[in-house]
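S.K.: Sharing a structure here in structure tokens format.
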Amino acid sequence: MKNRGFLLLILVLILQPVAAQAQQEDFKPEDMTTFIIQVPHGVEGNGLAVGNSTLSAYLFFESYYDGDMNVTVELDLPKGFVLHEASVHSFSLQTEYDDWYRLVDFYIPADTPCGTYNITAKAVVDVKGTKHTIVRTTQLKIASKKEVANKVSVSQLIVPSDEDGNGDPSHPLNTLVVQETSPALKKLLKVTDLKIEKEDLTSTYMGIKITNTGNSTIPVIVTYDILDTKTGEHVKAFKPDIMGMNADTLCYATVTLSPGSSSLISLPIYISQDAMGGDYLLRVKVKLTGSDWIAVTKDQKITAISRRWGPIITTFTASLLGLTALGFFFSRPREIMDRFKTRNLVMIALFGTVSFAAINLPMTILWELSHAIFGPFSFLFTGLFNEILLYMLITSLVVLIPKPGVISLFMTVRFLLGGFITGSFTPITFITLSVNAVILELLLYTAGITGKNPAPDNRFRMGILCGFADMASSYVSFSVWMVLYRLFYSDWYIAANILIDGFLYTFIGTWFGISLGNRLKKVAE
Amino acid sequence: MIGARSIAEPTIKDTVINRIDPRAKILILISIVFVAVSLDNQKTMFLLFLTVLSGFVLAKMPAIKIKTLVILLVLLIWGTIYSQALFYSQLPRTVIFTIIRPEFPILGWLTGGGLFVYEEGFHHGAVQGLRSASILSLGLLMCWTTDSRDMLNGLVGLRVPYSVAFMVITAVRFLPIIITEVATVITVQRLRGFNPTKFGSGIIKTLLNILTPTLANCVRRTGTLAISIQSRAFRANPDRTSLKKLEFSDIDKIVVAVCVFTAISVVIMKLIYNMYTSGIYYTSGLRPVYAIAGGYL
Amino acid sequence: MIEIKDLWYTYPGRSEPTLKGINLRVEKGEFVLLTGPTGCGKSTLLKTLNGIIPHESGGIFSGSVKIKGMETTESNQIEISKEVGLVFQNPDDQIFSTTVEDEVAFGPENLCFERKEIDRKVEEALKIVGMSGHRLASTNSLSGGQKQRICIASMLAMAPEVLAMDEPVSQMDPRGTHEVLNTVRELNRKLKTTILLVEHRLHELAPFVDRIVIMDEGKIVFDQPASKAFDHLEVFYRLGLRIPEPVELCHSLGIKASPLSVSGALALLDTEDFRKNINIFQPSPNPEKSTVVIKNSSRKPSTENNNSENNNSENNNSENNNSENNNSENNNSENNNSENNNSENNNSENNNSENNNSENNNSENNNSENNNSENNNSENNGYENNDCKNNRSSIVSIQDLWSGYEKNKMVLKGINLEINKGERVAIMGTNGSGKSTLLLHLAAILKPDKGSVKVFEEDTRSKNPYSFAGKVGFVFQNPDLMLFCDSAEEEARFGPVQLKYSNIEERVKNSLEAMSILPFRYDLPQALSRGQRLRTAVASVISINPELILLDEPTTGQDRMNIEQMMDFFKNNNSTLIFCTHDIEVAMSYATRILVMNDGKIIADGKGKEVIKDTESLRKASLTQPPVVEIANHLGINAFSVKELVKTLTSRSAEGIKC
């Protein structure tokens with residue numbers, strides 16, 4: 001404690017003579033103060049405005065004098081300009097580097113004649129009773145809208161760009177990618193610690209190059225809208241609220257364009273997950289500072305590509321699964337086929353024929369017709385064939401031949417028959433059928449329905465398993481349609497299909513299929 | 001409108017298309033399917049569709065088949081158009097008809113804010129319908145110009161196990177018989193006064209009533225057919241010989257090579273292009289590929 | 001070639017053995033007919049020959065089956081397949097390929113023959129069965145007979161020394177039967193292939209075979225050379241087996257011989273001794289003249305003589321006394337059954353004027369053979385109309401009906417037909433002649449391309465099958481396709497319930513009872529035996545009590561008892577019945593009118609007894625007269641059944657004695 005007190009004493013002794021020396025200096029207004037006026041705010045030098053603008057004059061005063069001073073600042077605007085507040089402001093500055101600033105809003109009426117106007121700010125500084133006057137004058141050019149519009153242009157729009165507004169060749173021009181992720185995928189990424197950069201929003205940038213060909217400095221505000229090309233309305237998905245703030249408050253830039261110069265600025269584009277793919281109109285707006293008047297607009301058609309990773313990954317996985325199953329079969333065909341007696345093969349083939357005759361053939365026509373008649377609710381009708389009838393067949397076949405592989409062979413026959421008769425050797429059919437077969441085989445085998453001691457008689461258990469298997473394959477089917485055939489399906493439609501067709505109808509089909517299978521068993525005996 | 005026969009039966013003629021080796025046909029079909037699935041460019045898709053259709057001219061397809069094809073295509077494309085008109089989810093989109101208003105009780109909520117028919121969906125459906133149309137047309141062209149046994153020989157030639165081929169042969173052979181039987185079963189029930197009008201249990205009952213006799217007949221048939229097949233030493237040997245020998249002609253080889261090469265090229269280019277557009281991978285050296293894929297594929 | 005010793009076999013899941021100690025030896029080149037009632041184990045026995053039983057089927061197997069000294073249980077499939085070929089009842093259930101060539105090549109391919117060898121074998125096999133010209137044909141485009149021949153060829157391509165056939169002709173039309181049997185006979189004669197053939201229709205097959213073996217309840221109960229087999233008719237009667245008409249005739253006439261063919265019977269009847277007793281003149285190729293001669297003749301055969309002849313023959317053959325007694329018992333029971341026949345006979349007697357008319361018309365018929373399709377119909381219709389129109393209401397009225405499945409291929413070509421209430425009309429003709437198509441029109445399943453079909457005075461063009469539900473009952477060729485309920489009772493109940501009839505339970509009970517299905521009322525219909533399934537299908541139709549019943553070849557693949565039970569019901573109930581059949585004897589027994597169709601036209605229409613004489617029309621439709629009619633014709637007698645012929649012959653014999 002003693003040491004600390006001693007050090008403090010020494011410090012006070014050192015500082016006291018320096019302070020006394022300064023107080024003694026004479027006050028020189030120009031040297032010991034900074035007085036600035038900017039009209040409009042941000043423009044160094046002469047400003048530019050158009051009639052019917054509300055501008056802010058920026059007044060700044062700083063003291064380098066180590067002592068008290070009272071300052072009175074008076075803003076003198078040209079005649080016709082309308083001040084929104086008092087023109088005189090008084091304040092005191094106590095210490096060196098003490099400062100004061102004020103934005104003083106004023107209005108330039110629309111009928112103000114074009115020309116250059118002087119705006120003067122006068123500061124009266126009272127130091128120890130002595131008054132000193134400092135005057136600053138700036139010029140504001142009132143230009144016509146036409147003149148401004150001719151001088152300012154958006155010379156380049158780069159979408160997407162990097163953070164500095166420079167073009168990024170690794171991305172296609174005028175294209176935005178909507179990186180949509182499924183909730184399941186998100187969870188997976190979270191669990192696996194593979195974070196998505198922005199959980200809800202993806203963003204990119206656009207570069208805007210603005211050129212001022214005039215000889216005046218032009219202060220501008222640059223902003224943009226993404227519009228529906230047809231209606232011209234804002235698309236909210238591209239300017240979503242961010243942390244409770246309207247995106248408009250984040251997506252603008254103020255630029256002062258020096259005479260004869262170009263500036264490259266960048267603005268962020270936020271894309272929410274519910275943004276749809278498609279064509280949009282990107283409209284960049286350049287406003288003159290202080291005015292709502294848009295001096296320049298530049299439109300650019302942009303395309304948003306929707307990348308729904310959920311269906312893509314599902315399709316990819318399903319294809320891989322199908323190919324693996326196929327590869328497995330081709331690696332040991334004899335071993336697999338020898339598990340089945342000839343009568344089993346014949347029965348599977350005939351069931352395949354029945355399924356083709358009772359499902360595929362009528363569906364060739366009815367599928368589309370029912371779409372035309374029942375519209376989006378046609379699945380309620382087509383499901384009768386595609387699910388109830390199919391699962392009656394599958395289940396009864398499993399009851400008759402409760403061996404692993406029987407469903408795969410049945411599906412193979414269906415696939416090849418469809419290929420030979422109606423030419424439907426399509427990837428959709430292959431992927432859907434193979435996934436359906438693999439999932440069903442796995443579930444039924446795991447549940448002990450097929451295998452060494454088969455127990456295919458529990459309707460409820462089998463119904464649930466088949467229901468789940470078909471739900472999965474229904475989702476796969478939709479994913480494949482969306483990914484490989486670029487078709488759209490609403491989420492509610494997919495959900496309804498999966499629940500009603502995939503589960504409910506399958507459950508019903510399985511339920512009755514077991515009784516059918518038991519009946520056929522008696523015939524076979 | 002169209003009978004099962006006009007869909008199912010091939011037209012055997014001596015044309016360029018008919019003469020193509022079945023294995024070649026299968027490989028061409030698979031290749032073109034890959035191409036069709038990869039393409040996005042409307043013009044190229046239309047070109048592919050026209051190319052496939054020209055096969056029907058080369059195959060001198062009879063009028064009944066052309067009529068069948070047209071009906072199937074119209075149905076298919078219409079189906080795609082209609083579904084896409086409903087579910088189109090790109091902008092811009094213009095509502096031309098409201099099916100379910102957003103405020104409609106329950107359904108409005110179920111459909112996530114109503115159901116509309118969008119003008120742009122029609123166009124999208126028509127374009128995307130071309131993809132399915134090309135695949136369907138090519139499949140039918142192959143089927144209609146190839147006897148099913150040749151097609152199966154082709155499959156066996158492509159190393160599909162004979163047991164599988166046997167099942168398919170059996171299925172093809174019994175198809176007309178089973179179609180007739182299903183029709184008979186339905187008629188029988190109609191004659192006994194059955195007129196299913198109820199949507200629920202009535203339909204399930206109908207389905208069971210149709211399946212039971214049809215499958216019972218199949219089960220019964222299975223025994224005889226299996227014995228007949230076995231008595232002819234089916235699967236008695238690990239291998240078997242074949243009366244038919246398939247031979248690739250030089251033209252077949254060239255066509256297959258071209259198709260497979262095209263398919264592989266298109267698929268790879270599109271893959272590269274999609275990786276580029278998704279920001280997954282980019283290299284300046286692949287710019288020509290991006291240009292071709294973006295412009296023409 | 002085949003040696004079976006003490007063979008016992010029980011199917012998996014069954015307690016009762018199907019084969020019970022079978023012992024059978026068949027020499028190389030023998031043609032053996034294996035017959036017996038349904039469920040006796042014939043088909044099972046065949047399956048043991050190429051090792052499918054027990055190799056594939058499982059079950060309990062004991063005893064020995066040797067083919068060329070090779071034990072089937074110890075041999076592999078290839079070895080046995082080379083020796084034994086199997087052919088089954090329905091060719092459609094055996095052919096799995098889409099083309100003839102593939103089907104026939106299948107066996108040699110499995111046996112891994114070289115390509116050239118396969119080609120040669122296919123060619124040879126097709127040549128043997130007379131199908132060389134169809135090598136590349138689609139299997140679906142073939143007729144039933146052709147398909148069965150392909151089945152045989154597909155076995156022959158493997159060059160088996162034994163051909164085991166399970167009712168190969170039971171589903172054939174007459175033309176198909178003829179084709180197949182000729183083929184089999186050729187195989188046996190030329191290639192010395194050993195044939196073991198299972199068939200109910202032994203009356204048609206007996207002339208071809210060397211030996212007849214009868215099984216019952218899993219045992220062989222009879223094994224005799226064909227020439228002697230019918231010396232022991234009691235077994236046949238007891239087991240409900242159909243006896244060749246010439247044999248039946250001879251036995252009924254007390255002739256101690258068993259001719260298997262018409263010529264054989266005629267040769268016997270032509271003996272001086274017999275003619276003396278029966279008082280018949282030389283057989284004449286022209287029955288009409290013969291008839292005239294018989295009519296003018298005053299010599300009548302004596303029944304007493306006839307009886308004494310019978311007695312003599314019995315005495316001469318003491319061994320056969322028992323069988324004869326049994327025979328007579330059976331005859332008694334038949335007589336009981338044939339009360340209806342008697343009534344029919346009475347009818348025909350009452351219709352003497354008709355007979356006279358028809359006789360008088362015979363010359364007209366003969367003359368107008370060429371006009372059959374165009375003019376005869378109307379004439380015949382007119383004839384029927386005279387009889388029926390005034391008394392009976394018309395149910396079916398068809399005017400100039402043209403119909404086809406494809407525009408350019410008409411199946412029915414200008415059919416005109418009137419059918420009145422109470423008529424039982426048999427439609428005959430080969431496959432493809434348009435019989436089934438015509439029936440389908442009557443149920444409004446098909447619509448005319450041209451002309452009109454009126455059923456119950458309603459034009460079918462604006463109707464569908466449902467419109468006639470309750471009024472029209474249809475029993476399809478394959479009754480299995482008609483059974484979809486959980487029990488036989490439900491099958492019978494289905495129609496009345498759907499049609500909201502009253503007294504449903506009574507209808508159900510009556511229909512099941514009528515078809516003898518009542519004991520199986522709770523059984524799963526699909527799991528019943530073939531005959532029971534047919535009867536259940538019929539019960540399901542008659543429970544509705546339709547005014548018009550249509551039967552599409554109900555006799556195909558069915559044994560006699562099932563056919564008779566069904567047809568007797570319709571006959572006794574005076575049902576209006578239209579049925580297609582290949583079985584001319586069934587048609588003769590049950591139809592009040594027979595239509596013969598050929599190439600989409602009705603080429604003969606009239607009472608059975610008239611049509612049966614129209615040999616030209618029959619020939620066109622590949623039909624042949626029943627042997628007894630042929631014999632009667634040769635004898636110049638107007639008889640259409642064995643009973644009628646015997647009656648006529650015996651009455652003449654009696655008259656002859658009186659004179």
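Starting from 1 in every chain, residues are counted up; chains themselves are A, B, ... following the order of the structure tokens, and ligands are numbered from 1 as listed.
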Could you name the residues that touch Ala57 in chain A at 10 Å or less, counting only C-alpha atoms, but leaving out those on the same chain fewer than 6 positions away, as a tab-separated table (two decimals) with N, CA, C and O atoms, in the first residue's frame?
M.R.:
chain	number	residue	atom	x	y	z
A	37	ILE	N	-18.78	21.13	-42.35
A	37	ILE	CA	-20.16	21.03	-42.81
A	37	ILE	C	-20.21	20.14	-44.04
A	37	ILE	O	-19.37	20.28	-44.94
A	38	GLN	N	-21.10	19.21	-44.05
A	38	GLN	CA	-21.28	18.33	-45.24
A	38	GLN	C	-22.76	18.40	-45.62
A	38	GLN	O	-23.62	18.16	-44.78
A	39	VAL	N	-22.98	18.69	-46.88
A	39	VAL	CA	-24.35	18.68	-47.38
A	39	VAL	C	-24.36	17.97	-48.73
A	39	VAL	O	-23.70	18.42	-49.66
A	40	PRO	N	-25.02	16.86	-48.83
A	40	PRO	CA	-25.63	16.13	-47.74
A	40	PRO	C	-24.58	15.36	-46.94
A	40	PRO	O	-23.40	15.31	-47.35
A	41	HIS	N	-25.00	14.83	-45.89
A	41	HIS	CA	-24.12	14.11	-45.01
A	41	HIS	C	-23.34	13.04	-45.75
A	41	HIS	O	-23.91	12.27	-46.53
A	42	GLY	N	-22.08	13.04	-45.55
A	42	GLY	CA	-21.24	12.03	-46.19
A	42	GLY	C	-20.51	12.54	-47.40
A	42	GLY	O	-19.61	11.89	-47.91
A	43	VAL	N	-20.93	13.64	-47.93
A	43	VAL	CA	-20.30	14.15	-49.15
A	43	VAL	C	-19.23	15.17	-48.77
A	43	VAL	O	-19.53	16.18	-48.14
A	75	LEU	N	-26.65	27.70	-38.93
A	75	LEU	CA	-26.67	27.19	-40.32
A	75	LEU	C	-27.47	28.15	-41.17
A	75	LEU	O	-28.60	28.48	-40.86
A	77	LEU	N	-29.11	28.56	-44.69
A	77	LEU	CA	-29.50	27.87	-45.92
A	77	LEU	C	-29.98	28.86	-46.94
A	77	LEU	O	-30.47	29.95	-46.57
A	102	ARG	N	-24.21	17.41	-35.32
A	102	ARG	CA	-25.66	17.43	-35.46
A	102	ARG	C	-26.01	17.24	-36.94
A	102	ARG	O	-25.31	17.77	-37.82
A	103	LEU	N	-27.04	16.43	-37.16
A	103	LEU	CA	-27.55	16.33	-38.53
A	103	LEU	C	-28.78	17.22	-38.58
A	103	LEU	O	-29.76	16.98	-37.86
A	104	VAL	N	-28.71	18.14	-39.41
A	104	VAL	CA	-29.81	19.10	-39.47
A	104	VAL	C	-30.57	18.86	-40.77
A	104	VAL	O	-30.03	19.00	-41.87
A	105	ASP	N	-31.79	18.40	-40.59
A	105	ASP	CA	-32.59	18.05	-41.77
A	105	ASP	C	-33.21	19.31	-42.36
A	105	ASP	O	-33.70	20.17	-41.64
A	106	PHE	N	-33.17	19.33	-43.68
A	106	PHE	CA	-33.88	20.40	-44.34
A	106	PHE	C	-34.47	19.86	-45.64
A	106	PHE	O	-34.09	18.80	-46.12
A	119	ILE	N	-24.25	27.02	-48.96
A	119	ILE	CA	-24.79	26.76	-47.64
A	119	ILE	C	-23.67	27.09	-46.66
A	119	ILE	O	-22.55	26.58	-46.77
A	121	ALA	N	-22.18	27.69	-42.71
A	121	ALA	CA	-22.34	27.42	-41.29
A	121	ALA	C	-21.37	28.34	-40.55
A	121	ALA	O	-20.19	28.46	-40.92
S.K.: Kindly determine which residues of chain B lie within 6 Å of chain C, considering only C-alpha atoms, and give the answer as a PDB file with N, CA, C and O atoms, in the first residue's frame.
M.R.:
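Final file, out_26.pdb:
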ATOM      1  N   ILE B 169     -40.987 -65.783 -69.135  1.00  0.00           N
ATOM      2  CA  ILE B 169     -41.616 -66.442 -70.298  1.00  0.00           C
ATOM      3  C   ILE B 169     -42.984 -66.971 -69.879  1.00  0.00           C
ATOM      4  O   ILE B 169     -43.988 -66.788 -70.568  1.00  0.00           O
ATOM      5  N   THR B 170     -42.999 -67.621 -68.741  1.00  0.00           N
ATOM      6  CA  THR B 170     -44.258 -68.183 -68.245  1.00  0.00           C
ATOM      7  C   THR B 170     -45.291 -67.070 -68.052  1.00  0.00           C
ATOM      8  O   THR B 170     -46.453 -67.210 -68.435  1.00  0.00           O
ATOM      9  N   ARG B 173     -46.527 -65.852 -71.383  1.00  0.00           N
ATOM     10  CA  ARG B 173     -47.369 -66.862 -72.033  1.00  0.00           C
ATOM     11  C   ARG B 173     -48.772 -66.887 -71.417  1.00  0.00           C
ATOM     12  O   ARG B 173     -49.762 -67.031 -72.108  1.00  0.00           O
ATOM     13  N   VAL B 185     -64.272 -63.880 -64.720  1.00  0.00           N
ATOM     14  CA  VAL B 185     -64.638 -63.811 -63.301  1.00  0.00           C
ATOM     15  C   VAL B 185     -65.531 -62.595 -63.044  1.00  0.00           C
ATOM     16  O   VAL B 185     -66.545 -62.685 -62.346  1.00  0.00           O
ATOM     17  N   ARG B 190     -71.118 -60.333 -62.265  1.00  0.00           N
ATOM     18  CA  ARG B 190     -72.155 -59.418 -62.752  1.00  0.00           C
ATOM     19  C   ARG B 190     -73.435 -60.193 -63.022  1.00  0.00           C
ATOM     20  O   ARG B 190     -74.530 -59.729 -62.722  1.00  0.00           O
ATOM     21  N   LEU B 191     -73.255 -61.368 -63.603  1.00  0.00           N
ATOM     22  CA  LEU B 191     -74.430 -62.170 -63.924  1.00  0.00           C
ATOM     23  C   LEU B 191     -75.128 -62.682 -62.663  1.00  0.00           C
ATOM     24  O   LEU B 191     -76.291 -63.062 -62.702  1.00  0.00           O
ATOM     25  N   ARG B 192     -74.380 -62.718 -61.587  1.00  0.00           N
ATOM     26  CA  ARG B 192     -75.014 -63.161 -60.343  1.00  0.00           C
ATOM     27  C   ARG B 192     -75.454 -61.956 -59.519  1.00  0.00           C
ATOM     28  O   ARG B 192     -75.644 -62.034 -58.323  1.00  0.00           O
ATOM     29  N   GLY B 193     -75.589 -60.847 -60.190  1.00  0.00           N
ATOM     30  CA  GLY B 193     -76.219 -59.690 -59.570  1.00  0.00           C
ATOM     31  C   GLY B 193     -75.295 -58.800 -58.785  1.00  0.00           C
ATOM     32  O   GLY B 193     -75.740 -57.920 -58.060  1.00  0.00           O
ATOM     33  N   PHE B 194     -73.989 -59.012 -58.917  1.00  0.00           N
ATOM     34  CA  PHE B 194     -73.059 -58.211 -58.126  1.00  0.00           C
ATOM     35  C   PHE B 194     -72.783 -56.893 -58.829  1.00  0.00           C
ATOM     36  O   PHE B 194     -72.356 -56.861 -59.970  1.00  0.00           O
ATOM     37  N   ASN B 209     -63.161 -60.993 -54.609  1.00  0.00           N
ATOM     38  CA  ASN B 209     -63.960 -61.887 -55.451  1.00  0.00           C
ATOM     39  C   ASN B 209     -63.302 -62.129 -56.800  1.00  0.00           C
ATOM     40  O   ASN B 209     -63.491 -63.165 -57.422  1.00  0.00           O
ATOM     41  N   THR B 212     -59.738 -64.262 -55.862  1.00  0.00           N
ATOM     42  CA  THR B 212     -59.827 -65.627 -55.335  1.00  0.00           C
ATOM     43  C   THR B 212     -59.909 -66.676 -56.448  1.00  0.00           C
ATOM     44  O   THR B 212     -59.054 -67.562 -56.504  1.00  0.00           O
ATOM     45  N   PRO B 213     -60.892 -66.582 -57.340  1.00  0.00           N
ATOM     46  CA  PRO B 213     -60.930 -67.631 -58.370  1.00  0.00           C
ATOM     47  C   PRO B 213     -59.735 -67.578 -59.312  1.00  0.00           C
ATOM     48  O   PRO B 213     -59.232 -68.619 -59.738  1.00  0.00           O
ATOM     49  N   ARG B 221     -53.037 -74.577 -61.505  1.00  0.00           N
ATOM     50  CA  ARG B 221     -52.251 -74.689 -62.733  1.00  0.00           C
ATOM     51  C   ARG B 221     -50.776 -74.882 -62.407  1.00  0.00           C
ATOM     52  O   ARG B 221     -50.047 -75.567 -63.127  1.00  0.00           O
ATOM     53  N   LEU B 225     -48.091 -77.390 -64.295  1.00  0.00           N
ATOM     54  CA  LEU B 225     -47.029 -76.775 -65.092  1.00  0.00           C
ATOM     55  C   LEU B 225     -45.661 -77.123 -64.507  1.00  0.00           C
ATOM     56  O   LEU B 225     -44.728 -77.470 -65.247  1.00  0.00           O
ATOM     57  N   SER B 228     -44.835 -80.624 -65.380  1.00  0.00           N
ATOM     58  CA  SER B 228     -44.533 -80.719 -66.804  1.00  0.00           C
ATOM     59  C   SER B 228     -43.127 -80.179 -67.104  1.00  0.00           C
ATOM     60  O   SER B 228     -42.377 -80.759 -67.877  1.00  0.00           O
ATOM     61  N   SER B 231     -40.507 -82.504 -65.639  1.00  0.00           N
ATOM     62  CA  SER B 231     -40.341 -83.748 -66.377  1.00  0.00           C
ATOM     63  C   SER B 231     -39.533 -83.507 -67.646  1.00  0.00           C
ATOM     64  O   SER B 231     -39.167 -84.436 -68.336  1.00  0.00           O
ATOM     65  N   ARG B 232     -39.288 -82.254 -67.935  1.00  0.00           N
ATOM     66  CA  ARG B 232     -38.425 -81.940 -69.084  1.00  0.00           C
ATOM     67  C   ARG B 232     -37.063 -81.432 -68.591  1.00  0.00           C
ATOM     68  O   ARG B 232     -36.425 -80.608 -69.220  1.00  0.00           O
ATOM     69  N   ALA B 233     -36.672 -81.943 -67.435  1.00  0.00           N
ATOM     70  CA  ALA B 233     -35.318 -81.755 -66.908  1.00  0.00           C
ATOM     71  C   ALA B 233     -34.966 -80.310 -66.616  1.00  0.00           C
ATOM     72  O   ALA B 233     -33.802 -79.922 -66.663  1.00  0.00           O
ATOM     73  N   PHE B 234     -35.956 -79.523 -66.283  1.00  0.00           N
ATOM     74  CA  PHE B 234     -35.680 -78.119 -65.956  1.00  0.00           C
ATOM     75  C   PHE B 234     -34.802 -78.055 -64.706  1.00  0.00           C
ATOM     76  O   PHE B 234     -35.095 -78.679 -63.701  1.00  0.00           O
ATOM     77  N   ALA B 236     -32.141 -79.395 -64.144  1.00  0.00           N
ATOM     78  CA  ALA B 236     -31.462 -80.631 -63.789  1.00  0.00           C
ATOM     79  C   ALA B 236     -29.951 -80.458 -63.929  1.00  0.00           C
ATOM     80  O   ALA B 236     -29.176 -81.112 -63.251  1.00  0.00           O
ATOM     81  N   ARG B 240     -27.260 -74.932 -69.296  1.00  0.00           N
ATOM     82  CA  ARG B 240     -28.120 -75.451 -70.358  1.00  0.00           C
ATOM     83  C   ARG B 240     -27.659 -74.854 -71.673  1.00  0.00           C
ATOM     84  O   ARG B 240     -27.010 -73.795 -71.688  1.00  0.00           O
ATOM     85  N   THR B 241     -27.977 -75.579 -72.738  1.00  0.00           N
ATOM     86  CA  THR B 241     -27.634 -75.047 -74.054  1.00  0.00           C
ATOM     87  C   THR B 241     -28.837 -74.302 -74.599  1.00  0.00           C
ATOM     88  O   THR B 241     -29.899 -74.306 -73.978  1.00  0.00           O
ATOM     89  N   SER B 242     -28.674 -73.705 -75.758  1.00  0.00           N
ATOM     90  CA  SER B 242     -29.793 -72.955 -76.307  1.00  0.00           C
ATOM     91  C   SER B 242     -29.888 -73.149 -77.805  1.00  0.00           C
ATOM     92  O   SER B 242     -28.863 -73.162 -78.504  1.00  0.00           O
ATOM     93  N   LEU B 243     -31.104 -73.321 -78.252  1.00  0.00           N
ATOM     94  CA  LEU B 243     -31.311 -73.501 -79.693  1.00  0.00           C
ATOM     95  C   LEU B 243     -31.013 -72.213 -80.438  1.00  0.00           C
ATOM     96  O   LEU B 243     -30.443 -72.203 -81.509  1.00  0.00           O
TER      97      LEU B 243
END
S.K.: Would you tabulate, counting only C-alpha atoms, all residues of chain B that have an atom at most 6 Å from an atom of chain A, showing the closest pair of atoms and their distance in Å to one decimal, sorted by chain then ascending number, as CSV?
M.R.:
residue,atom,partner,partner_atom,distance
B:Ala8,CA,A:Ile421,CA,5.0
B:Val37,CA,A:Leu484,CA,5.7
B:Leu75,CA,A:Glu368,CA,5.7
B:Gly79,CA,A:Glu368,CA,4.9
B:Phe87,CA,A:Tyr489,CA,5.1
B:Tyr88,CA,A:Phe488,CA,5.6
B:Gln90,CA,A:Gly278,CA,4.7
B:Leu91,CA,A:Gly278,CA,4.8
B:Pro92,CA,A:Asp228,CA,5.8
B:Thr111,CA,A:Trp492,CA,5.6
B:Gly139,CA,A:Gly423,CA,3.5
B:Leu140,CA,A:Gly423,CA,4.6
B:Cys143,CA,A:Phe420,CA,5.6
B:Met167,CA,A:Ala349,CA,4.9
B:Val168,CA,A:Val413,CA,5.7
B:Ala171,CA,A:Thr353,CA,5.0
B:Leu175,CA,A:Thr353,CA,5.7
B:Ile179,CA,A:Ala357,CA,5.7
B:Ala216,CA,A:Leu520,CA,5.8
B:Thr222,CA,A:Met347,CA,5.6
B:Ala226,CA,A:Arg343,CA,4.8
B:Thr277,CA,A:His171,CA,6.0
B:Tyr282,CA,A:Ser170,CA,5.3
S.K.: Measuring atom to atom with only C-alpha atoms, identify which of C:Thr193, C:Gly13, C:Glu123, C:Ile631 is nearest to chain A.
M.R.: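 Comparing C:Thr193, C:Gly13, C:Glu123, C:Ile631 against chain A, the winner is C:Gly13.
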S.K.: How far is it from CA of Asp66 in chain A to CA of Arg136 in chain A, in Å with one decimal?
M.R.: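 Computed distance, CA of Asp66 in chain A to CA of Arg136 in chain A, equals 23.0 Å.
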